[in-house]
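Undergrad: Take a look at model33.pdb, PDB, C-alpha atoms:
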```
ATOM      1  CA  MET A 209      22.790 -23.877  25.231
ATOM      2  CA  ILE A 210      24.841 -25.980  22.802
ATOM      3  CA  SER A 211      27.866 -27.551  24.493
ATOM      4  CA  TRP A 212      31.278 -27.813  22.822
ATOM      5  CA  GLU A 213      31.532 -31.521  23.592
ATOM      6  CA  ARG A 214      28.358 -32.280  21.661
ATOM      7  CA  LEU A 215      29.479 -30.045  18.791
ATOM      8  CA  ARG A 216      32.777 -31.949  18.716
ATOM      9  CA  VAL A 217      30.909 -35.245  18.436
ATOM     10  CA  PHE A 218      28.603 -33.880  15.736
ATOM     11  CA  ASP A 219      31.591 -32.559  13.768
ATOM     12  CA  ALA A 220      32.988 -36.110  13.751
ATOM     13  CA  ILE A 221      29.640 -37.540  12.605
ATOM     14  CA  ALA A 222      29.463 -35.026   9.749
ATOM     15  CA  GLU A 223      33.064 -35.702   8.728
ATOM     16  CA  HIS A 224      32.966 -39.513   8.886
ATOM     17  CA  GLY A 225      29.360 -40.115   7.822
ATOM     18  CA  SER A 226      28.313 -42.617  10.481
ATOM     19  CA  VAL A 227      27.997 -43.062  14.224
ATOM     20  CA  GLY A 228      30.398 -46.006  14.224
ATOM     21  CA  SER A 229      33.142 -44.178  12.319
ATOM     22  CA  ALA A 230      32.727 -41.093  14.489
ATOM     23  CA  ALA A 231      33.001 -43.229  17.636
ATOM     24  CA  GLU A 232      36.184 -44.847  16.314
ATOM     25  CA  ALA A 233      37.727 -41.458  15.471
ATOM     26  CA  LEU A 234      36.851 -40.054  18.907
ATOM     27  CA  HIS A 235      37.848 -43.224  20.780
ATOM     28  CA  ILE A 236      34.455 -43.518  22.474
ATOM     29  CA  THR A 237      31.584 -45.990  22.152
ATOM     30  CA  GLY A 238      28.828 -45.864  19.549
ATOM     31  CA  PRO A 239      26.090 -45.504  22.191
ATOM     32  CA  ALA A 240      27.955 -42.522  23.664
ATOM     33  CA  VAL A 241      27.985 -40.843  20.236
ATOM     34  CA  THR A 242      24.268 -41.548  19.776
ATOM     35  CA  GLN A 243      23.497 -40.153  23.226
ATOM     36  CA  GLN A 244      25.371 -36.918  22.499
ATOM     37  CA  LEU A 245      23.604 -36.619  19.137
ATOM     38  CA  ARG A 246      20.150 -36.990  20.713
ATOM     39  CA  LYS A 247      20.972 -34.393  23.382
ATOM     40  CA  LEU A 248      22.192 -32.021  20.666
ATOM     41  CA  GLU A 249      18.946 -32.463  18.732
ATOM     42  CA  ARG A 250      16.999 -31.598  21.876
ATOM     43  CA  GLU A 251      19.189 -28.538  22.522
ATOM     44  CA  THR A 252      18.766 -27.265  18.975
ATOM     45  CA  GLY A 253      15.124 -28.284  18.591
ATOM     46  CA  SER A 254      16.011 -29.755  15.186
ATOM     47  CA  LYS A 255      16.379 -33.175  13.654
ATOM     48  CA  LEU A 256      19.996 -33.270  12.512
ATOM     49  CA  VAL A 257      20.325 -36.686  10.827
ATOM     50  CA  GLU A 258      18.056 -39.144   9.078
ATOM     51  CA  PRO A 259      18.422 -42.779   7.968
ATOM     52  CA  ASP A 260      20.118 -43.405   4.613
ATOM     53  CA  GLY A 261      20.230 -47.127   3.837
ATOM     54  CA  ARG A 262      22.462 -48.665   6.478
ATOM     55  CA  GLY A 263      23.948 -45.311   7.347
ATOM     56  CA  ILE A 264      22.786 -41.775   8.060
ATOM     57  CA  ARG A 265      22.837 -38.439   6.273
ATOM     58  CA  LEU A 266      22.555 -34.872   7.455
ATOM     59  CA  THR A 267      19.272 -33.021   7.275
ATOM     60  CA  ALA A 268      19.136 -29.399   6.121
ATOM     61  CA  ALA A 269      19.476 -28.322   9.761
ATOM     62  CA  GLY A 270      22.332 -30.813  10.140
ATOM     63  CA  TYR A 271      24.251 -29.235   7.266
ATOM     64  CA  VAL A 272      23.883 -25.796   8.828
ATOM     65  CA  LEU A 273      25.099 -26.969  12.223
ATOM     66  CA  ALA A 274      27.906 -29.060  10.700
ATOM     67  CA  ARG A 275      29.340 -25.965   9.028
ATOM     68  CA  HIS A 276      29.417 -24.084  12.326
ATOM     69  CA  ALA A 277      30.761 -27.138  14.177
ATOM     70  CA  ARG A 278      33.658 -27.307  11.711
ATOM     71  CA  GLU A 279      34.434 -23.612  12.296
ATOM     72  CA  VAL A 280      34.329 -24.061  16.069
ATOM     73  CA  ALA A 281      36.557 -27.150  15.850
ATOM     74  CA  GLY A 282      39.074 -25.142  13.829
ATOM     75  CA  SER A 283      39.023 -22.308  16.347
ATOM     76  CA  VAL A 284      39.582 -24.703  19.259
ATOM     77  CA  ALA A 285      42.484 -26.361  17.424
ATOM     78  CA  ASP A 286      43.994 -22.921  16.730
ATOM     79  CA  ALA A 287      43.682 -22.009  20.393
ATOM     80  CA  GLN A 288      45.412 -25.213  21.476
ATOM     81  CA  ARG A 289      48.316 -24.594  19.098
ATOM     82  CA  GLU A 290      48.730 -20.959  20.083
ATOM     83  CA  LEU A 291      48.643 -21.799  23.788
ATOM     84  CA  ALA A 292      51.252 -24.487  23.225
ATOM     85  CA  GLY A 293      53.311 -21.911  21.325
ATOM     86  CA  LEU A 294      53.280 -19.578  24.301
ATOM     87  CA  GLN A 295      54.899 -22.344  26.312
ATOM     88  CA  ASP A 296      57.303 -23.356  23.500
ATOM     89  CA  GLU A 297      55.764 -26.813  23.686
ATOM     90  CA  VAL A 298      55.335 -29.046  20.634
ATOM     91  CA  ALA A 299      51.846 -30.295  21.440
ATOM     92  CA  GLY A 300      48.247 -30.333  20.294
ATOM     93  CA  PRO A 301      46.684 -31.058  16.915
ATOM     94  CA  LEU A 302      48.690 -30.594  13.701
ATOM     95  CA  ARG A 303      46.662 -30.970  10.495
ATOM     96  CA  ILE A 304      48.861 -31.652   7.475
ATOM     97  CA  GLY A 305      47.920 -31.704   3.792
ATOM     98  CA  SER A 306      50.204 -33.261   1.204
ATOM     99  CA  LEU A 307      50.476 -34.195  -2.435
ATOM    100  CA  ALA A 308      50.258 -37.964  -2.856
ATOM    101  CA  SER A 309      53.785 -38.395  -4.260
ATOM    102  CA  ALA A 310      55.420 -36.402  -1.471
ATOM    103  CA  LEU A 311      53.244 -38.134   1.100
ATOM    104  CA  ARG A 312      54.400 -41.603   0.066
ATOM    105  CA  ALA A 313      58.069 -40.642  -0.075
ATOM    106  CA  LEU A 314      58.360 -38.570   3.096
ATOM    107  CA  MET A 315      55.407 -38.667   5.456
ATOM    108  CA  PRO A 316      55.712 -42.130   7.078
ATOM    109  CA  GLU A 317      59.221 -41.308   8.298
ATOM    110  CA  VAL A 318      58.289 -37.747   9.274
ATOM    111  CA  LEU A 319      55.273 -38.846  11.311
ATOM    112  CA  ASN A 320      57.362 -41.472  13.099
ATOM    113  CA  VAL A 321      59.985 -38.862  13.986
ATOM    114  CA  LEU A 322      57.441 -36.308  15.194
ATOM    115  CA  THR A 323      55.360 -38.663  17.330
ATOM    116  CA  ALA A 324      58.461 -40.233  18.897
ATOM    117  CA  ALA A 325      60.048 -36.869  19.738
ATOM    118  CA  HIS A 326      56.837 -35.097  20.766
ATOM    119  CA  PRO A 327      54.334 -37.501  22.393
ATOM    120  CA  ARG A 328      51.799 -34.722  23.019
ATOM    121  CA  LEU A 329      51.672 -33.731  19.365
ATOM    122  CA  VAL A 330      48.630 -35.143  17.508
ATOM    123  CA  PRO A 331      49.302 -35.016  13.751
ATOM    124  CA  SER A 332      46.665 -35.863  11.163
ATOM    125  CA  LEU A 333      47.117 -36.219   7.426
ATOM    126  CA  ARG A 334      45.092 -35.570   4.277
ATOM    127  CA  ASP A 335      46.179 -35.979   0.661
ATOM    128  CA  GLY A 336      45.005 -33.966  -2.317
ATOM    129  CA  GLU A 337      46.083 -31.511  -4.987
ATOM    130  CA  VAL A 338      47.343 -27.972  -4.481
ATOM    131  CA  PHE A 339      44.138 -26.378  -5.765
ATOM    132  CA  ASP A 340      42.257 -28.100  -2.908
ATOM    133  CA  LEU A 341      44.888 -27.987  -0.174
ATOM    134  CA  LEU A 342      45.868 -24.298  -0.284
ATOM    135  CA  PRO A 343      42.263 -23.079   0.152
ATOM    136  CA  ALA A 344      41.950 -25.479   3.099
ATOM    137  CA  LEU A 345      45.098 -23.937   4.591
ATOM    138  CA  ARG A 346      43.749 -20.411   4.212
ATOM    139  CA  SER A 347      40.371 -21.388   5.699
ATOM    140  CA  ARG A 348      42.219 -22.891   8.710
ATOM    141  CA  ASP A 349      41.101 -26.453   7.993
ATOM    142  CA  LEU A 350      44.796 -27.355   7.596
ATOM    143  CA  ASP A 351      47.882 -26.055   9.402
ATOM    144  CA  ALA A 352      50.546 -26.935   6.840
ATOM    145  CA  VAL A 353      50.640 -28.141   3.251
ATOM    146  CA  LEU A 354      53.458 -30.037   1.567
ATOM    147  CA  LEU A 355      53.374 -29.081  -2.094
ATOM    148  CA  GLU A 356      55.583 -29.002  -5.177
ATOM    149  CA  SER A 357      56.712 -26.115  -7.353
ATOM    150  CA  TRP A 358      58.321 -26.787 -10.742
ATOM    151  CA  THR A 359      61.099 -24.447 -11.838
ATOM    152  CA  ASN A 360      59.604 -23.883 -15.284
ATOM    153  CA  ARG A 361      56.102 -23.433 -13.815
ATOM    154  CA  PRO A 362      56.310 -22.083 -10.243
ATOM    155  CA  GLU A 363      53.275 -22.576  -8.024
ATOM    156  CA  ARG A 364      51.247 -19.442  -7.341
ATOM    157  CA  ILE A 365      51.101 -18.800  -3.605
ATOM    158  CA  PRO A 366      48.156 -16.754  -2.283
ATOM    159  CA  ALA A 367      48.525 -13.763  -0.001
ATOM    160  CA  GLY A 368      48.896 -14.576   3.676
ATOM    161  CA  VAL A 369      50.739 -17.840   3.017
ATOM    162  CA  ARG A 370      54.467 -18.325   3.664
ATOM    163  CA  THR A 371      56.504 -21.044   1.954
ATOM    164  CA  THR A 372      59.657 -22.809   3.098
ATOM    165  CA  THR A 373      61.616 -24.718   0.440
ATOM    166  CA  LEU A 374      62.846 -28.083   1.696
ATOM    167  CA  VAL A 375      64.820 -29.272  -1.319
ATOM    168  CA  THR A 376      65.031 -28.837  -5.096
ATOM    169  CA  GLU A 377      65.675 -31.942  -7.190
ATOM    170  CA  PRO A 378      66.197 -32.598 -10.910
ATOM    171  CA  VAL A 379      63.329 -33.807 -13.068
ATOM    172  CA  MET A 380      64.139 -36.705 -15.396
ATOM    173  CA  LEU A 381      62.620 -38.228 -18.510
ATOM    174  CA  ALA A 382      61.566 -41.839 -17.847
ATOM    175  CA  VAL A 383      61.459 -44.199 -20.843
ATOM    176  CA  PRO A 384      61.372 -48.006 -21.232
ATOM    177  CA  GLU A 385      64.903 -49.409 -21.264
ATOM    178  CA  ASP A 386      64.451 -50.623 -24.857
ATOM    179  CA  HIS A 387      63.185 -47.247 -26.102
ATOM    180  CA  ALA A 388      64.904 -45.791 -29.179
ATOM    181  CA  ILE A 389      66.395 -42.913 -27.159
ATOM    182  CA  ALA A 390      67.216 -44.900 -24.009
ATOM    183  CA  ASP A 391      70.959 -44.528 -24.651
ATOM    184  CA  ARG A 392      70.883 -40.904 -25.787
ATOM    185  CA  TYR A 393      72.351 -38.289 -23.453
ATOM    186  CA  PRO A 394      70.812 -35.865 -22.854
ATOM    187  CA  ALA A 395      67.307 -36.833 -23.924
ATOM    188  CA  PRO A 396      66.487 -35.484 -27.434
ATOM    189  CA  LEU A 397      63.111 -34.068 -26.441
ATOM    190  CA  ALA A 398      62.547 -32.510 -29.860
ATOM    191  CA  GLU A 399      62.405 -36.026 -31.338
ATOM    192  CA  LEU A 400      59.499 -37.135 -29.122
ATOM    193  CA  ALA A 401      56.631 -35.900 -31.284
ATOM    194  CA  GLY A 402      54.077 -38.685 -31.549
ATOM    195  CA  GLU A 403      55.069 -40.337 -28.266
ATOM    196  CA  VAL A 404      52.362 -41.247 -25.747
ATOM    197  CA  TRP A 405      52.819 -39.667 -22.317
ATOM    198  CA  THR A 406      51.564 -40.213 -18.785
ATOM    199  CA  SER A 407      51.402 -37.328 -16.327
ATOM    200  CA  CYS A 408      49.497 -35.983 -13.341
ATOM    201  CA  PRO A 409      45.966 -34.644 -13.969
ATOM    202  CA  VAL A 410      45.227 -31.420 -15.825
ATOM    203  CA  GLY A 411      45.643 -28.404 -13.558
ATOM    204  CA  THR A 412      48.533 -29.840 -11.549
ATOM    205  CA  GLY A 413      52.031 -28.390 -11.566
ATOM    206  CA  ALA A 414      53.473 -31.585 -13.032
ATOM    207  CA  TYR A 415      51.096 -31.493 -16.004
ATOM    208  CA  GLY A 416      51.733 -27.813 -16.702
ATOM    209  CA  ALA A 417      55.504 -28.227 -16.383
ATOM    210  CA  LEU A 418      55.533 -31.115 -18.891
ATOM    211  CA  VAL A 419      53.462 -29.201 -21.450
ATOM    212  CA  GLN A 420      55.646 -26.118 -21.066
ATOM    213  CA  LEU A 421      58.871 -28.134 -21.331
ATOM    214  CA  MET A 422      57.823 -29.855 -24.551
ATOM    215  CA  ARG A 423      56.531 -26.658 -26.105
ATOM    216  CA  THR A 424      60.034 -25.210 -25.812
ATOM    217  CA  HIS A 425      60.913 -27.948 -28.335
ATOM    218  CA  HIS A 426      57.832 -27.176 -30.472
ATOM    219  CA  VAL A 427      56.233 -30.487 -29.471
ATOM    220  CA  GLU A 428      52.674 -30.814 -28.180
ATOM    221  CA  PRO A 429      52.730 -33.892 -25.911
ATOM    222  CA  ASP A 430      50.048 -36.564 -26.379
ATOM    223  CA  ILE A 431      49.158 -37.084 -22.688
ATOM    224  CA  ARG A 432      46.740 -40.017 -22.601
ATOM    225  CA  TYR A 433      47.214 -41.404 -19.095
ATOM    226  CA  LEU A 434      46.402 -38.946 -16.305
ATOM    227  CA  VAL A 435      47.554 -40.512 -13.044
ATOM    228  CA  THR A 436      48.192 -38.686  -9.766
ATOM    229  CA  ASP A 437      50.779 -41.150  -8.440
ATOM    230  CA  PHE A 438      54.258 -41.162 -10.005
ATOM    231  CA  THR A 439      54.741 -44.829  -9.063
ATOM    232  CA  THR A 440      51.791 -45.771 -11.256
ATOM    233  CA  GLN A 441      53.146 -43.577 -14.032
ATOM    234  CA  LEU A 442      56.439 -45.478 -13.889
ATOM    235  CA  SER A 443      54.528 -48.768 -14.083
ATOM    236  CA  LEU A 444      53.016 -47.551 -17.353
ATOM    237  CA  VAL A 445      56.489 -46.594 -18.579
ATOM    238  CA  ARG A 446      57.878 -49.992 -17.627
ATOM    239  CA  ALA A 447      55.044 -51.667 -19.569
ATOM    240  CA  GLY A 448      56.017 -49.722 -22.676
ATOM    241  CA  LEU A 449      52.717 -47.818 -22.745
ATOM    242  CA  ALA A 450      54.040 -44.293 -22.220
ATOM    243  CA  ILE A 451      56.940 -42.069 -21.271
ATOM    244  CA  ALA A 452      56.952 -39.541 -18.410
ATOM    245  CA  THR A 453      58.810 -36.757 -16.634
ATOM    246  CA  VAL A 454      59.365 -37.588 -12.964
ATOM    247  CA  PRO A 455      61.298 -36.022 -10.066
ATOM    248  CA  GLY A 456      64.060 -38.080  -8.504
ATOM    249  CA  ILE A 457      62.295 -38.771  -5.197
ATOM    250  CA  ALA A 458      59.397 -40.332  -7.093
ATOM    251  CA  ALA A 459      61.774 -42.917  -8.596
ATOM    252  CA  VAL A 460      62.810 -44.458  -5.255
ATOM    253  CA  PRO A 461      63.291 -47.370  -5.434
ATOM    254  CA  PRO A 462      64.238 -47.294  -9.147
ATOM    255  CA  PRO A 463      61.891 -49.662 -11.007
ATOM    256  CA  PRO A 464      63.527 -52.274 -13.253
ATOM    257  CA  GLY A 465      63.012 -51.841 -16.972
ATOM    258  CA  VAL A 466      62.990 -48.025 -16.840
ATOM    259  CA  ARG A 467      65.778 -45.698 -17.991
ATOM    260  CA  PHE A 468      66.084 -42.167 -16.593
ATOM    261  CA  LEU A 469      67.508 -39.443 -18.846
ATOM    262  CA  SER A 470      68.429 -35.806 -18.273
ATOM    263  CA  CYS A 471      66.231 -33.114 -19.799
ATOM    264  CA  VAL A 472      67.550 -30.094 -21.690
ATOM    265  CA  PRO A 473      66.690 -27.427 -20.804
ATOM    266  CA  ALA A 474      67.010 -28.768 -17.283
ATOM    267  CA  ILE A 475      63.990 -28.408 -15.000
ATOM    268  CA  GLY A 476      63.600 -29.147 -11.331
ATOM    269  CA  ARG A 477      60.937 -29.676  -8.708
ATOM    270  CA  SER A 478      61.033 -28.022  -5.314
ATOM    271  CA  LEU A 479      59.248 -29.532  -2.330
ATOM    272  CA  VAL A 480      57.769 -26.691  -0.311
ATOM    273  CA  VAL A 481      55.948 -26.381   3.009
ATOM    274  CA  ALA A 482      53.184 -23.768   3.017
ATOM    275  CA  THR A 483      51.890 -22.298   6.275
ATOM    276  CA  ARG A 484      49.875 -19.264   7.251
ATOM    277  CA  GLU A 485      52.260 -16.339   7.788
ATOM    278  CA  GLN A 486      51.177 -15.691  11.363
ATOM    279  CA  ASP A 487      51.590 -19.362  12.353
ATOM    280  CA  THR A 488      54.924 -20.335  10.809
ATOM    281  CA  GLU A 489      56.980 -19.839  13.971
ATOM    282  CA  LEU A 490      54.739 -21.999  16.162
ATOM    283  CA  PRO A 491      56.783 -24.832  17.721
ATOM    284  CA  ALA A 492      54.720 -27.639  16.173
ATOM    285  CA  LEU A 493      55.132 -26.207  12.669
ATOM    286  CA  GLN A 494      58.849 -25.639  13.164
ATOM    287  CA  ALA A 495      59.205 -29.259  14.292
ATOM    288  CA  LEU A 496      57.313 -30.409  11.193
ATOM    289  CA  ILE A 497      59.430 -28.299   8.834
ATOM    290  CA  GLY A 498      62.648 -29.599  10.384
ATOM    291  CA  ALA A 499      61.570 -33.231  10.109
ATOM    292  CA  LEU A 500      60.408 -32.741   6.520
ATOM    293  CA  ARG A 501      63.683 -31.055   5.532
ATOM    294  CA  ASP A 502      65.734 -33.946   6.926
ATOM    295  CA  ALA A 503      63.556 -36.566   5.224
ATOM    296  CA  ALA A 504      63.595 -34.716   1.887
ATOM    297  CA  ARG A 505      67.388 -34.464   1.836
ATOM    298  CA  THR A 506      67.725 -38.167   2.612
ATOM    299  CA  ALA A 507      65.240 -39.075  -0.135
ATOM    300  CA  VAL A 508      67.056 -36.947  -2.732
ATOM    301  CA  GLU A 509      70.361 -38.620  -1.871
ATOM    302  CA  ALA A 510      68.735 -42.030  -2.529
ATOM    303  CA  ALA A 511      67.253 -40.993  -5.890
ATOM    304  CA  PRO A 512      68.682 -42.537  -9.096
ATOM    305  CA  GLU A 513      71.083 -40.530 -11.247
ATOM    306  CA  PRO A 514      69.994 -39.846 -14.826
ATOM    307  CA  SER A 515      71.864 -41.733 -17.542
TER     308      SER A 515
END
```
Show the structure stored in the file as structure tokens.
TA:
Amino acid sequence: MISWERLRVFDAIAEHGSVGSAAEALHITGPAVTQQLRKLERETGSKLVEPDGRGIRLTAAGYVLARHAREVAGSVADAQRELAGLQDEVAGPLRIGSLASALRALMPEVLNVLTAAHPRLVPSLRDGEVFDLLPALRSRDLDAVLLESWTNRPERIPAGVRTTTLVTEPVMLAVPEDHAIADRYPAPLAELAGEVWTSCPVGTGAYGALVQLMRTHHVEPDIRYLVTDFTTQLSLVRAGLAIATVPGIAAVPPPPGVRFLSCVPAIGRSLVVATREQDTELPALQALIGALRDAARTAVEAAPEPS
């Protein structure tokens, strides 16, 4: 019979790719991980890993078992959360997915607040894009996702997922301070044909919102620099290499050498927490949503005002 403890160890090996990393994640020794792995191979009658340079890789049997181990790990985590919910206790694992820009601006403070207020809560964090994170939420690999939805290109939310809006903030045009339109208010977007842009990758809400905004002015933006992080985008703007549309939170602290202008028509970005409908009222998720809402409001208040 395959024991849960050995499946838990094997799930960590499959996720982290080595015995040492799995041991570190599980807070046990490397020899203990190896011992559990060998016992699991005897129980299954299959070789599960093989050498790969200085590391290891899964065999065909290992891939099969890893998939089931991941499903079992998810079910155990769900059980822990639901049991904690019955007791109104904020405890157990809490797996959070987040866009990189929102993660940088909000998550360090939110995680500090949650772990200080709820010592038995065990949050973990993963960054990515919406098209990866929402499927992970629906497959129960994540418990909550912090995402963005642009007012001129709202995010499509799949069935079975509930969203809670934390805050909606204005989106600004960022240009170098010596740009020809740096002192124009509002920004004359129709005059930006031929400008070089930086934006988030194709398929993201930010990219789609920029294209849609400029097309309302009959301009097809020349987006040459595809960068996930808004901070890096603003570095390109500061260097005079591109212009960009950025939400206010992403401009904290305001970089020198960059001017922020209002867009007409005005667009905004909402920060939204997505959860599975049946899980939203669980105490751990309610604690997360409350902490995120407080952090988002504080971040918006600190954002620069457009010129």
Undergrad: Where does the PyMOL selection byres ((chain A and resi 271-284) around 10) land in this file, that is, which residues does it pick, as a PDB file with C-alpha atoms, keeping the file's coordinate frame?
TA:
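Written out: part_39.pdb:
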```
ATOM      1  CA  TRP A 212      31.278 -27.813  22.822  1.00  0.00           C
ATOM      2  CA  ARG A 214      28.358 -32.280  21.661  1.00  0.00           C
ATOM      3  CA  LEU A 215      29.479 -30.045  18.791  1.00  0.00           C
ATOM      4  CA  ARG A 216      32.777 -31.949  18.716  1.00  0.00           C
ATOM      5  CA  VAL A 217      30.909 -35.245  18.436  1.00  0.00           C
ATOM      6  CA  PHE A 218      28.603 -33.880  15.736  1.00  0.00           C
ATOM      7  CA  ASP A 219      31.591 -32.559  13.768  1.00  0.00           C
ATOM      8  CA  ALA A 220      32.988 -36.110  13.751  1.00  0.00           C
ATOM      9  CA  ILE A 221      29.640 -37.540  12.605  1.00  0.00           C
ATOM     10  CA  ALA A 222      29.463 -35.026   9.749  1.00  0.00           C
ATOM     11  CA  GLU A 223      33.064 -35.702   8.728  1.00  0.00           C
ATOM     12  CA  THR A 252      18.766 -27.265  18.975  1.00  0.00           C
ATOM     13  CA  SER A 254      16.011 -29.755  15.186  1.00  0.00           C
ATOM     14  CA  LEU A 256      19.996 -33.270  12.512  1.00  0.00           C
ATOM     15  CA  VAL A 257      20.325 -36.686  10.827  1.00  0.00           C
ATOM     16  CA  ARG A 265      22.837 -38.439   6.273  1.00  0.00           C
ATOM     17  CA  LEU A 266      22.555 -34.872   7.455  1.00  0.00           C
ATOM     18  CA  THR A 267      19.272 -33.021   7.275  1.00  0.00           C
ATOM     19  CA  ALA A 268      19.136 -29.399   6.121  1.00  0.00           C
ATOM     20  CA  ALA A 269      19.476 -28.322   9.761  1.00  0.00           C
ATOM     21  CA  GLY A 270      22.332 -30.813  10.140  1.00  0.00           C
ATOM     22  CA  ALA A 285      42.484 -26.361  17.424  1.00  0.00           C
ATOM     23  CA  ASP A 286      43.994 -22.921  16.730  1.00  0.00           C
ATOM     24  CA  ALA A 287      43.682 -22.009  20.393  1.00  0.00           C
ATOM     25  CA  GLN A 288      45.412 -25.213  21.476  1.00  0.00           C
ATOM     26  CA  ARG A 289      48.316 -24.594  19.098  1.00  0.00           C
ATOM     27  CA  GLU A 290      48.730 -20.959  20.083  1.00  0.00           C
ATOM     28  CA  PRO A 301      46.684 -31.058  16.915  1.00  0.00           C
ATOM     29  CA  SER A 347      40.371 -21.388   5.699  1.00  0.00           C
ATOM     30  CA  ARG A 348      42.219 -22.891   8.710  1.00  0.00           C
ATOM     31  CA  ASP A 349      41.101 -26.453   7.993  1.00  0.00           C
ATOM     32  CA  LEU A 350      44.796 -27.355   7.596  1.00  0.00           C
ATOM     33  CA  ASP A 351      47.882 -26.055   9.402  1.00  0.00           C
TER      34      ASP A 351
END
```
Undergrad: If we count only C-alpha atoms, what is near A:Arg505 at a cut-off of 12 Å, once residues fewer than 2 positions away on the same chain are taken out, given as a list of chain:residue names?
TA: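 Contacts, in chain order: A:Ala313, A:Leu314, A:Thr373, A:Leu374, A:Val375, A:Thr376, A:Glu377, A:Gly456, A:Ile457, A:Ser478, A:Leu479, A:Gly498, A:Ala499, A:Leu500, A:Arg501, A:Asp502, A:Ala503, A:Ala507, A:Val508, A:Glu509, A:Ala510, A:Ala511.
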Undergrad: Select, from A:Met422, A:Leu342, A:Leu400, A:Ala458, the residue with the minimum atom-to-atom distance to A:Val383, counting all atoms listed in the file.
TA: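 Smallest distance to A:Val383 is found for A:Leu400.
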Undergrad: What is the distance, in Å and to one decimal place, between atom CA of A:Val466 and atom CA of A:Ala414?
TA: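 Answer for the atom CA of A:Val466 to atom CA of A:Ala414 separation: 19.4 Å.
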Undergrad: A:Met380, A:Leu345, A:Gln494, A:Pro461: which is nearest A:Pro366, counting only C-alpha atoms?
TA: A:Leu345
Undergrad: Could you check the closest approach to A:Arg432 for each of A:Ala459, A:Cys471, A:Ile236, A:Val410 and tell me which residue wins, using only C-alpha atoms?
TA: A:Val410
Undergrad: Point out the residue among A:Leu469, A:Leu329, A:Ile431, A:Leu354 with the least atom-to-atom distance to A:Met315, counting all atoms listed in the file.
TA: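 Using all atoms listed in the file, the shortest distance to A:Met315 belongs to A:Leu354.
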Undergrad: Separation of atom CA of A:Thr406 and atom CA of A:Arg334, in Å?
TA: 24.4 Å
